[in-house]
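Text of query-v6.txt, listed as compact mmCIF, C-alpha atoms:
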```txt
# COMPACT_ATOMS: atom_id res chain seq x y z
CA MET A 3 -23.42 2.55 -9.56
CA PRO A 4 -23.53 -0.99 -10.96
CA SER A 5 -24.54 -3.51 -8.32
CA HIS A 6 -21.29 -5.49 -8.60
CA LEU A 7 -19.32 -2.35 -7.60
CA ILE A 8 -21.28 -1.46 -4.46
CA LEU A 9 -19.70 -4.00 -2.11
CA PRO A 10 -16.12 -3.37 -3.32
CA ALA A 11 -16.73 0.37 -2.89
CA TRP A 12 -17.74 -0.17 0.72
CA PHE A 13 -14.65 -2.29 1.29
CA ALA A 14 -12.48 0.44 -0.26
CA LEU A 15 -14.09 3.13 1.89
CA GLY A 16 -13.66 1.08 5.06
CA GLY A 17 -10.04 0.32 4.21
CA LEU A 18 -9.23 3.97 3.59
CA VAL A 19 -10.90 5.01 6.85
CA LEU A 20 -8.85 2.43 8.76
CA LEU A 21 -5.70 3.57 6.96
CA GLY A 22 -6.27 7.19 7.95
CA LEU A 23 -7.11 6.21 11.52
CA GLY A 24 -3.98 4.07 11.78
CA LEU A 25 -1.71 6.83 10.51
CA LEU A 26 -3.32 9.32 12.91
CA LEU A 27 -2.88 7.01 15.93
CA VAL A 28 0.76 6.29 15.10
CA ARG A 29 1.43 10.02 14.76
CA ARG A 30 -0.34 10.82 18.04
CA SER A 31 1.65 8.11 19.83
CA GLY A 32 4.92 9.90 19.07
CA ALA A 33 6.36 6.64 17.69
CA ARG A 34 8.99 6.54 14.95
CA PRO A 35 8.35 3.08 13.46
CA GLY A 36 10.25 3.82 10.25
CA ILE A 37 13.48 4.67 12.08
CA GLY A 38 12.96 1.72 14.42
CA ARG A 39 12.64 -0.74 11.54
CA ARG A 40 15.75 0.62 9.85
CA LEU A 41 17.85 0.47 13.01
CA ALA A 42 16.65 -2.92 14.29
CA GLY A 43 16.69 -4.62 10.90
CA ALA A 44 20.30 -3.77 10.04
CA ARG A 45 23.24 -6.12 10.45
CA GLN A 46 25.45 -5.10 13.39
CA LEU A 47 29.21 -4.76 12.84
CA ARG A 48 32.13 -3.34 14.76
CA VAL A 49 34.36 -0.67 13.24
CA GLY A 50 37.21 -3.17 13.11
CA GLN A 51 35.13 -5.67 11.12
CA LEU A 52 34.58 -3.05 8.42
CA LEU A 53 38.25 -2.10 8.36
CA ASP A 54 39.16 -5.78 7.96
CA LEU A 55 37.48 -5.87 4.54
CA ALA A 56 40.16 -6.52 1.91
CA PRO A 57 40.44 -4.05 -1.00
CA GLY A 58 38.72 -6.47 -3.35
CA ASP A 59 35.94 -7.49 -0.95
CA PRO A 60 32.47 -6.10 -1.66
CA VAL A 61 31.07 -3.74 0.95
CA PRO A 62 27.63 -4.47 2.47
CA ALA A 63 24.92 -3.58 -0.02
CA ARG A 64 22.50 -2.41 2.68
CA PRO A 65 23.09 0.01 5.58
CA VAL A 66 24.61 -1.60 8.65
CA ARG A 67 24.47 -0.83 12.35
CA VAL A 68 28.01 0.08 13.38
CA ILE A 69 29.02 0.13 17.04
CA GLY A 70 31.90 2.15 18.40
CA ARG A 71 33.14 4.96 20.63
CA ILE A 72 33.52 8.67 19.85
CA ARG A 73 36.78 10.55 19.43
CA CYS A 74 36.60 14.28 18.67
CA SER A 75 39.38 16.85 18.87
CA ASP A 76 37.06 19.88 18.73
CA PRO A 77 33.84 19.08 20.63
CA ILE A 78 31.04 21.49 21.48
CA ILE A 79 31.57 22.59 25.09
CA THR A 80 28.45 23.71 26.93
CA SER A 81 28.15 26.02 29.92
CA GLN A 82 27.89 22.87 32.09
CA ASP A 83 31.19 21.62 30.59
CA ASP A 84 29.51 18.86 28.59
CA ARG A 85 31.65 17.82 25.62
CA LEU A 86 29.34 17.06 22.71
CA VAL A 87 29.41 16.13 19.04
CA ALA A 88 25.71 16.89 18.47
CA PHE A 89 23.37 19.34 20.18
CA HIS A 90 19.74 19.70 19.07
CA ARG A 91 17.28 22.00 20.83
CA ASP A 92 13.68 22.81 19.92
CA VAL A 93 11.75 25.49 21.79
CA GLU A 94 8.01 25.88 21.18
CA VAL A 95 5.14 27.92 22.57
CA ALA A 96 1.48 26.92 22.81
CA LEU A 97 -0.94 29.05 20.80
CA PRO A 98 -4.21 30.35 22.28
CA ARG A 99 -6.29 28.49 19.66
CA GLY A 100 -4.37 25.23 20.09
CA GLY A 101 -1.22 23.76 18.60
CA TRP A 102 2.42 24.69 19.05
CA ARG A 103 4.65 27.21 17.27
CA SER A 104 8.42 26.75 17.04
CA ILE A 105 10.49 29.73 18.14
CA GLU A 106 13.90 28.04 18.02
CA ARG A 107 15.36 25.10 16.14
CA LEU A 108 19.05 24.87 17.02
CA ARG A 109 21.33 22.28 15.41
CA GLU A 110 25.05 22.14 16.21
CA SER A 111 27.45 19.31 15.44
CA ARG A 112 31.10 18.38 15.13
CA SER A 113 32.63 15.72 12.91
CA PHE A 114 34.14 12.85 14.87
CA GLU A 115 35.80 9.48 14.56
CA LEU A 116 33.82 6.36 15.41
CA TRP A 117 36.47 3.99 16.76
CA ASP A 118 37.30 0.77 18.49
CA HIS A 119 40.65 -0.84 19.25
CA ASP A 120 41.04 -1.90 15.61
CA GLY A 121 40.73 1.55 14.01
CA SER A 122 38.37 4.43 13.27
CA LEU A 123 36.01 5.81 10.63
CA GLN A 124 35.00 9.45 10.10
CA VAL A 125 31.38 10.55 10.70
CA ASP A 126 29.65 13.90 10.12
CA PRO A 127 26.59 14.05 12.44
CA ALA A 128 25.27 17.09 10.57
CA GLN A 129 23.92 14.45 8.16
CA ALA A 130 22.00 12.59 10.88
CA ALA A 131 18.33 11.73 10.60
CA GLU A 132 16.02 13.28 13.17
CA PRO A 133 15.40 12.77 15.94
CA LEU A 134 18.67 11.70 17.52
CA VAL A 135 17.87 8.45 19.34
CA VAL A 136 18.96 9.62 22.79
CA LEU A 137 17.16 10.31 26.04
CA PRO A 138 15.77 13.83 25.57
CA HIS A 139 15.91 16.56 28.18
CA VAL A 140 12.39 18.03 28.28
CA TRP A 141 11.34 21.23 30.03
CA ALA A 142 7.83 22.67 30.19
CA GLY A 143 6.60 25.78 31.95
CA SER A 144 5.25 29.29 31.59
CA VAL A 145 6.24 31.59 28.74
CA GLU A 146 7.55 34.05 31.33
CA ALA A 147 10.08 31.45 32.47
CA LEU A 148 11.83 31.46 29.10
CA ASP A 149 15.21 33.14 28.79
CA GLU A 150 15.04 36.80 27.72
CA THR A 151 16.73 35.88 24.43
CA TYR A 152 13.35 34.49 23.31
CA ALA A 153 11.45 37.71 24.08
CA ALA A 154 11.47 39.00 20.49
CA ALA A 155 10.23 35.65 19.10
CA VAL A 156 7.47 35.44 21.73
CA ALA A 157 6.40 39.02 20.96
CA ARG A 158 6.22 38.20 17.25
CA VAL A 159 4.04 35.16 17.91
CA ALA A 160 1.79 37.18 20.22
CA ALA A 161 1.32 39.88 17.58
CA GLU A 162 0.43 37.32 14.91
CA GLN A 163 -1.67 34.77 16.82
CA GLY A 164 -2.24 36.04 20.34
CA PRO A 165 -0.28 35.63 23.58
CA PRO A 166 1.22 32.12 23.95
CA THR A 167 -0.07 30.21 26.96
CA ARG A 168 2.79 27.77 27.67
CA ALA A 169 6.31 26.92 26.57
CA ARG A 170 8.36 23.77 26.21
CA SER A 171 11.88 22.83 25.24
CA THR A 172 13.34 19.51 24.07
CA THR A 173 17.12 19.03 23.99
CA ARG A 174 18.95 16.04 22.55
CA MET A 175 22.71 15.64 22.94
CA VAL A 176 25.40 13.16 21.92
CA SER A 177 28.42 13.27 24.21
CA VAL A 178 32.00 12.25 23.51
CA VAL A 179 31.68 9.65 26.29
CA ASP A 180 28.74 7.88 24.64
CA ARG A 181 28.94 4.47 22.99
CA LEU A 182 27.15 4.77 19.66
CA LEU A 183 24.98 2.67 17.44
CA LEU A 184 25.18 4.23 13.99
CA LEU A 185 23.08 3.19 11.00
CA ALA A 186 25.29 3.98 8.02
CA ALA A 187 26.00 2.99 4.44
CA VAL A 188 29.43 1.45 3.81
CA THR A 189 31.33 2.79 0.81
CA ARG A 190 34.87 2.97 -0.52
CA ASP A 191 36.64 6.27 -1.09
CA ALA A 192 38.69 7.19 -4.15
CA ASP A 193 41.64 5.20 -2.78
CA GLY A 194 39.55 2.09 -2.15
CA ARG A 195 39.45 2.53 1.62
CA VAL A 196 36.27 1.70 3.53
CA ALA A 197 34.26 4.76 4.60
CA LEU A 198 30.87 5.53 6.15
CA ALA A 199 28.22 7.59 4.38
CA PRO A 200 24.69 8.63 5.34
CA PRO A 201 22.09 6.21 3.98
CA GLN A 202 18.87 7.50 2.44
CA GLY A 203 17.22 9.61 5.13
CA GLY A 204 20.49 10.24 6.97
CA TYR A 205 22.53 8.49 9.63
CA VAL A 206 20.49 7.06 12.50
CA VAL A 207 22.48 8.01 15.62
CA SER A 208 21.73 6.33 18.95
CA SER A 209 23.56 6.53 22.28
CA LEU A 210 21.31 3.76 23.67
CA GLU A 211 21.49 0.00 23.60
CA LEU A 212 19.27 -1.44 20.87
CA ASP A 213 16.45 -2.59 23.19
CA ASP A 214 16.32 0.81 24.88
CA ALA A 215 16.41 2.57 21.51
CA MET A 216 13.44 0.50 20.32
CA ARG A 217 11.46 1.40 23.44
CA LEU A 218 12.21 5.09 22.94
CA LEU A 219 11.24 4.95 19.26
CA GLY A 220 7.97 3.28 20.29
CA GLY A 221 6.89 6.69 21.62
CA PRO A 222 5.49 7.82 24.97
CA HIS A 223 2.08 6.25 24.21
CA PRO A 224 2.76 2.63 23.18
CA ARG A 225 -0.92 1.64 23.31
CA LEU A 226 -1.77 4.27 20.71
CA MET A 227 1.09 3.02 18.56
CA LEU A 228 -0.08 -0.60 18.81
CA ALA A 229 -3.64 0.40 18.00
CA GLY A 230 -2.40 2.39 15.00
CA VAL A 231 -0.33 -0.51 13.69
CA ALA A 232 -3.32 -2.84 14.12
CA ALA A 233 -5.55 -0.41 12.21
CA LEU A 234 -2.99 -0.19 9.39
CA ALA A 235 -2.76 -3.98 9.16
CA LEU A 236 -6.54 -4.31 9.17
CA SER A 237 -6.85 -1.65 6.45
CA GLY A 238 -4.61 -3.75 4.21
CA LEU A 239 -6.79 -6.80 4.74
CA VAL A 240 -10.00 -4.88 4.05
CA LEU A 241 -8.61 -3.34 0.86
CA ALA A 242 -7.36 -6.74 -0.31
CA ALA A 243 -10.78 -8.27 0.40
CA GLY A 244 -12.42 -5.48 -1.59
CA ALA A 245 -10.11 -6.15 -4.53
CA LEU A 246 -10.97 -9.87 -4.44
CA VAL A 247 -14.70 -9.13 -4.36
CA LEU A 248 -14.28 -6.75 -7.31
CA VAL A 249 -12.33 -9.32 -9.35
CA SER A 250 -14.89 -12.02 -8.53
CA GLY A 251 -17.73 -9.73 -9.55
CA LEU A 252 -16.10 -8.84 -12.86
CA ALA A 253 -15.29 -12.49 -13.58
CA GLY A 254 -18.86 -13.53 -12.77
CA GLY A 255 -20.26 -10.71 -14.89
```

As a first step, turn the structure in this file into structure tokens.
Amino acid sequence: MPSHLILPAWFALGGLVLLGLGLLLVRRSGARPGIGRRLAGARQLRVGQLLDLAPGDPVPARPVRVIGRIRCSDPIITSQDDRLVAFHRDVEVALPRGGWRSIERLRESRSFELWDHDGSLQVDPAQAAEPLVVLPHVWAGSVEALDETYAAAVARVAAEQGPPTRARSTTRMVSVVDRLLLLAAVTRDADGRVALAPPQGGYVVSSLELDDAMRLLGGPHPRLMLAGVAALALSGLVLAAGALVLVSGLAGG
């Protein structure tokens, strides 16, 4: 390798190592920084403010964070008499050699109106991004404690990869009594009326206040997330420094 390429190569290698480490730490932290940036960075509007747009007024070019209440004539009713518009449940079992295997991924939803005292807009939560930004209900225990409806799935996993050692379940729900923050694109329908549509990646649906939503999206291990973000930032600096050294070397040569 030519001598003027050795130092830039080391910079590039170091930057790539830091980049990989940063991505790994962010993933291990459980953080969702992409969803957090989209939700926090959007302009907040009430339903009524959107409905006040005159027919000739341009709609917001970027997704907005709309606040409102839920109205649904046909909610999901659970065995505990919860009235929901979205119900997500993931059940997993731990494999003998490490890692987790999904044995159920349940997604149920009902269309609803997001409303305030000035009007309402229709929303289809089937087009929501995951995860729903709500406080999850988490259960963990033995495989034997699972409901018998999972017996066939557990037996299939055991036959393929050995008897599972543990089980866990994560349930996320949006209730009709929740006050929502909804990241959505604003459009006009064929008649020129304002409507909501899922932005790229889907609606971001949160039943939490913005500060609480940001804390939840920061993951259960915030120190890992901060370390990962720092490693990603440092990787950018190292790669940029390597590019400058390379350009300087070529110019000097």

Would you tabulate, counting all atoms listed in the file, all residues of stretch 167-212 of chain A that have an atom at most 12 Å from an atom of stretch 150-160 of chain A, showing the closest pair of atoms and their distance in Å to one decimal, sorted by chain then ascending number, as a tab-separated table?
```
residue	atom	partner	partner_atom	distance
A:Thr167	CA	A:Ala160	CA	9.9
A:Arg168	CA	A:Val156	CA	10.8
A:Ala169	CA	A:Val156	CA	9.9
A:Ser171	CA	A:Tyr152	CA	11.9
```

Report the closest atom pair, with its distance in Å rounded to one decimal, for each residue of stretch 35-80 of chain A that has an atom no farther than 6 Å from stretch 176-191 of chain A; count only C-alpha atoms, sort by chain and then rising residue number, and write it as a Markdown table.
```
| residue | atom | partner | partner_atom | distance |
| --- | --- | --- | --- | --- |
| A:Pro65 | CA | A:Ala187 | CA | 4.3 |
| A:Val66 | CA | A:Leu185 | CA | 5.6 |
| A:Arg67 | CA | A:Leu185 | CA | 4.5 |
| A:Val68 | CA | A:Leu184 | CA | 5.1 |
| A:Ile69 | CA | A:Leu183 | CA | 4.8 |
| A:Gly70 | CA | A:Leu182 | CA | 5.6 |
| A:Arg71 | CA | A:Arg181 | CA | 4.8 |
| A:Ile72 | CA | A:Val178 | CA | 5.3 |
```

With distances taken over all atoms listed in the file, which of A:Glu110, A:Glu94, A:Glu132, A:Asp83 is nearest to A:Gly36?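 Residue with the minimum atom-to-atom distance to A:Gly36: A:Glu132.
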
Do a neighbour search on stretch 234-240 of chain A at 12 Å with all atoms listed in the file, toss out local chain neighbours closer than 2 positions, and write the hits as a PDB file with C-alpha atoms, in the coordinates of the input.
```pdb
ATOM      1  CA  LEU A   9     -19.700  -4.000  -2.110  1.00  0.00           C
ATOM      2  CA  PRO A  10     -16.120  -3.370  -3.320  1.00  0.00           C
ATOM      3  CA  ALA A  11     -16.730   0.370  -2.890  1.00  0.00           C
ATOM      4  CA  TRP A  12     -17.740  -0.170   0.720  1.00  0.00           C
ATOM      5  CA  PHE A  13     -14.650  -2.290   1.290  1.00  0.00           C
ATOM      6  CA  ALA A  14     -12.480   0.440  -0.260  1.00  0.00           C
ATOM      7  CA  LEU A  15     -14.090   3.130   1.890  1.00  0.00           C
ATOM      8  CA  GLY A  16     -13.660   1.080   5.060  1.00  0.00           C
ATOM      9  CA  GLY A  17     -10.040   0.320   4.210  1.00  0.00           C
ATOM     10  CA  LEU A  18      -9.230   3.970   3.590  1.00  0.00           C
ATOM     11  CA  VAL A  19     -10.900   5.010   6.850  1.00  0.00           C
ATOM     12  CA  LEU A  20      -8.850   2.430   8.760  1.00  0.00           C
ATOM     13  CA  LEU A  21      -5.700   3.570   6.960  1.00  0.00           C
ATOM     14  CA  GLY A  22      -6.270   7.190   7.950  1.00  0.00           C
ATOM     15  CA  LEU A  23      -7.110   6.210  11.520  1.00  0.00           C
ATOM     16  CA  GLY A  24      -3.980   4.070  11.780  1.00  0.00           C
ATOM     17  CA  LEU A  25      -1.710   6.830  10.510  1.00  0.00           C
ATOM     18  CA  LEU A  26      -3.320   9.320  12.910  1.00  0.00           C
ATOM     19  CA  LEU A  27      -2.880   7.010  15.930  1.00  0.00           C
ATOM     20  CA  VAL A  28       0.760   6.290  15.100  1.00  0.00           C
ATOM     21  CA  MET A 227       1.090   3.020  18.560  1.00  0.00           C
ATOM     22  CA  LEU A 228      -0.080  -0.600  18.810  1.00  0.00           C
ATOM     23  CA  ALA A 229      -3.640   0.400  18.000  1.00  0.00           C
ATOM     24  CA  GLY A 230      -2.400   2.390  15.000  1.00  0.00           C
ATOM     25  CA  VAL A 231      -0.330  -0.510  13.690  1.00  0.00           C
ATOM     26  CA  ALA A 232      -3.320  -2.840  14.120  1.00  0.00           C
ATOM     27  CA  ALA A 242      -7.360  -6.740  -0.310  1.00  0.00           C
ATOM     28  CA  ALA A 243     -10.780  -8.270   0.400  1.00  0.00           C
ATOM     29  CA  GLY A 244     -12.420  -5.480  -1.590  1.00  0.00           C
ATOM     30  CA  ALA A 245     -10.110  -6.150  -4.530  1.00  0.00           C
ATOM     31  CA  LEU A 246     -10.970  -9.870  -4.440  1.00  0.00           C
ATOM     32  CA  VAL A 247     -14.700  -9.130  -4.360  1.00  0.00           C
TER      33      VAL A 247
END
```

Which residue of A:Leu116, A:Val95, A:Leu218, A:Ile37 approaches A:Cys74 most closely, using all atoms listed in the file: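 Of the candidates, the smallest distance to A:Cys74 is held by A:Leu116.
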
My list of candidates is A:Asp92, A:Glu106, A:Glu211, A:Asp118. Which is closest to A:Leu52 when distances are computed with only C-alpha atoms?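 Comparing A:Asp92, A:Glu106, A:Glu211, A:Asp118 against A:Leu52, the winner is A:Asp118.
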
Find, counting only C-alpha atoms, the residue in A:Pro166, A:Ala131, A:Val49, A:Asp193 that gets nearest to A:Arg99.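 The answer is A:Pro166, which sits nearest to A:Arg99.
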
So how far away is atom CA of A:Ser208 from atom CA of A:Met175, in Å?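 If I compute the distance from atom CA of A:Met175 to atom CA of A:Ser208, I get 10.2 Å.
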
Edge lengths and centre in Å to one decimal, as JSON, is what I'm after for the box along x, y and z that holds all listed atoms of stretch 153-169 of chain A once 8 Å is added on each side.
```
{"center_x": 4.6, "center_y": 33.4, "center_z": 21.3, "size_x": 29.7, "size_y": 29.0, "size_z": 28.8}
```

Any idea what the distance is between atom CA of A:Ile79 and atom CA of A:Leu108?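 Computed distance, atom CA of A:Ile79 to atom CA of A:Leu108, equals 15.1 Å.
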
Would you list the contacts of A:Arg109 as a list of chain:residue names, taking every protein, DNA or RNA residue within 8 Å and counting only C-alpha atoms, but skipping same-chain residues closer than 5 positions in sequence?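 Residues near the query, excluding close chain neighbours: A:Ala88, A:Phe89, A:His90, A:Arg91.
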
Point-to-point distance from atom CA of A:Val206 to atom CA of A:Asp120, Å rounded to tenths: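 It comes out at 22.6 Å.
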
Counting only C-alpha atoms, which residue out of A:Val61, A:Leu212, A:Leu86, A:Ser250 sits closest to A:Leu41?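 Of the candidates, the smallest distance to A:Leu41 is held by A:Leu212.
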
Compare A:Leu148, A:Val249, A:Leu241, A:Ala128 by their minimum atom-to-atom distance to A:Ala199, counting all atoms listed in the file, and give me the closest one. A:Ala128
